[in-house]
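Here the structure is laid out as structure tokens; the discussion comes afterwards.
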Amino acid sequence: MNRRIIGLSLVFMFGGSALLVTWVYLSSENHFHSFALPPPFTFEIPNDNAAITRGDHLTRTRGCRGCHGEDLTGQLMWEFAVAPNLPELARNQSAATLEAAIRHGIDHNGRAMYSMPSYNFVRLRDADIADIIAYLRSQPVMQVELPGTPLPWSIRWDIALGTDFAIAAIIELVPALKRDELTDGGIARGEYIAMTTCNECHGLSLHADTPWDDETAPSLIIVSAYDFENFKTLMRTGVALGGRELEMMSGVARSRFAYFTDQEIIDLYAFLKDMIARDNEKLSSGQP
Ligand code: HEC
Ligand code: HEC
């Protein structure tokens, strides 16, 4: 082939791919910047011991430590996401900025996050968000070197094509809480727990209805196979029905759910049983 043609096609190829790279980058950034900030969080942040203890309990049972590290000073996740140093961030950012990240998936630069599972925390109550912030601010700030890892091009590509999205895009799909503590007591408390921790993996409504298709966690209808003692054993020790060790759930239970109080396990079980009973009623009456 003529040298000039080879040269021209090389210019075209590299020129074209530079354009493509630019397009992928700009489209994905455009997506990350397309989410409005929520109204500012104005709830007062307490600093009493009860609030700090509650905040600590929430960071354990809601899994913050699984990603941000045991002492919450941050770590690399899945080789591409950097969960930041939370005590440090909590000192440097306003409560409104922290709340926008925790419940709405928007970071302190106003950019939607890709990995932080805020859909799991959007139903956390104001008082609990305030207690988490109180706890983070009570912790010593340790300087930790964290890697700076760019979002992989494969993810940017899917976002540019519209087949993947920032977490902020699915927050509005999380169902509202349906039970009221005044009338439903423990069932409402259990719903609150399930809808702010189990729905990270078991689906937005706990029915394996995750908006992505690579999930393996079953619908929590599976709890119908569990009596209370079996359920408590799973939560406390990670050992599933029939003495099984589960690939993911067993470790998750040991690191998070072992911190549930006895009452929380009772409430969670009561809620799941009630949810299953309602599901069955709907099924037998032919409702969708
Ligand atoms: C599944 C892993 C995971 C869990 C669980 C998790 N985080 Fe994150 N978090 C991340 C990652 C990763 C980031 C960095 C942004 C990104 O890549 O999405 C982040 C970012 C944040 C930010 C925003 C930082 C900024 O730049 O403004 C805050 C605040 C935060 N997390 C708090 C929490 C709290 C509080 C909890 C528990 C209630 C929690 N996270 C649970 C992974 C997680
Ligand atoms: C971080 C993800 C994650 C969270 C959070 C999570 N689970 Fe799971 N769970 C799984 C996965 C994945 C499985 C399927 C088995 C496996 O691969 O470990 C599972 C399986 C189960 C099972 C079936 C056990 C069996 O007999 O096979 C039950 C019951 C269960 N989870 C209950 C819960 C409850 C209740 C919560 C909330 C308190 C919860 N899970 C939170 C990931 C999770």
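Convention: chains lettered A, B, ... in structure tokens order; per-chain residue numbering from 1; ligands numbered from 1 as shown.
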
Inset, instruction - Determine, counting only C-alpha atoms, which protein, DNA and RNA residues have an atom within 12 Å of an atom of Ala36 in chain A; residues of the same chain fewer than 6 positions away are not included. Present the result as a PyMOL selection string. - result: chain A and resi 100+104-107+110-112+168-169

Legend entry - Surroundings of ligand 2 up to 9 Å, based on only C-alpha atoms and all ligand atoms, as a PyMOL selection string: chain A and resi 61-63+66+193-202+206+215-226+231+234-235+239-242+244-253+256-257+260+265+268-269+272

Legend entry - Which of range 76-247 of chain A DSSP labels strand (DSSP E), written as number ranges by chain: A: 76-77, 81-83, 239-240, 244-245

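If you measure from each of A:Pro150, A:Gly238, A:Gly243, A:Gly190 to Lys273 in chain A using only C-alpha atoms, the closest one turns out to be A:Gly190.
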
Legend entry - Residue among A:Asp267, A:Glu88, A:Glu99, A:Asp71 lying closest to ligand 1, counting only C-alpha atoms and all ligand atoms: A:Glu99

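Considering the residues A:Ala95, A:Ile52, A:Leu37, A:Met113 and counting only C-alpha atoms and all ligand atoms, ligand 1 has its shortest atom-to-atom contact with A:Met113.
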
Inset, instruction - Just list the residues in range 1-218 of chain A DSSP gives helix (DSSP H, G or I) on the backbone, as a VMD selection string. - result: chain A and resid 3 to 32 49 to 61 64 to 68 86 to 92 95 to 104 118 to 120 126 to 138 153 to 161 167 to 169 171 to 173 181 to 184 186 to 194 198 to 200

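The spacing separating CA of His108 in chain A from atom 3 (C, counted along the ligand's line) of ligand 1 amounts to 16.0 Å.
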
Inset, instruction - For range 20-25 of chain A, please output as a ChimeraX atom specification all residues within 8 Å (counting only C-alpha atoms; exclusion window: fewer than 3 positions along the same chain). - result: /A:16-17,28-29,156-157,160

Using N, CA and C atoms, can you export the residues from the last selection as a PDB file, in the first residue's frame?
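File produced: again14.pdb:
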ATOM      1  N   GLY A  16      -9.656   9.522  15.052  1.00  0.00           N
ATOM      2  CA  GLY A  16     -10.979   9.008  15.383  1.00  0.00           C
ATOM      3  C   GLY A  16     -11.032   8.494  16.808  1.00  0.00           C
ATOM      4  N   SER A  17      -9.989   7.745  17.206  1.00  0.00           N
ATOM      5  CA  SER A  17     -10.062   7.194  18.561  1.00  0.00           C
ATOM      6  C   SER A  17      -9.890   8.289  19.606  1.00  0.00           C
ATOM      7  N   SER A  28     -19.687  10.678  29.900  1.00  0.00           N
ATOM      8  CA  SER A  28     -19.794  10.101  31.242  1.00  0.00           C
ATOM      9  C   SER A  28     -19.729  11.214  32.299  1.00  0.00           C
ATOM     10  N   GLU A  29     -18.854  12.197  32.112  1.00  0.00           N
ATOM     11  CA  GLU A  29     -18.796  13.309  33.077  1.00  0.00           C
ATOM     12  C   GLU A  29     -20.116  14.076  33.092  1.00  0.00           C
ATOM     13  N   ARG A 156     -16.810   3.960  31.986  1.00  0.00           N
ATOM     14  CA  ARG A 156     -17.172   5.230  31.332  1.00  0.00           C
ATOM     15  C   ARG A 156     -17.902   4.970  30.006  1.00  0.00           C
ATOM     16  N   TRP A 157     -17.438   3.953  29.299  1.00  0.00           N
ATOM     17  CA  TRP A 157     -18.034   3.584  28.002  1.00  0.00           C
ATOM     18  C   TRP A 157     -19.490   3.207  28.192  1.00  0.00           C
ATOM     19  N   ALA A 160     -21.493   6.220  29.021  1.00  0.00           N
ATOM     20  CA  ALA A 160     -21.703   7.059  27.832  1.00  0.00           C
ATOM     21  C   ALA A 160     -22.798   6.468  26.945  1.00  0.00           C
TER      22      ALA A 160
END
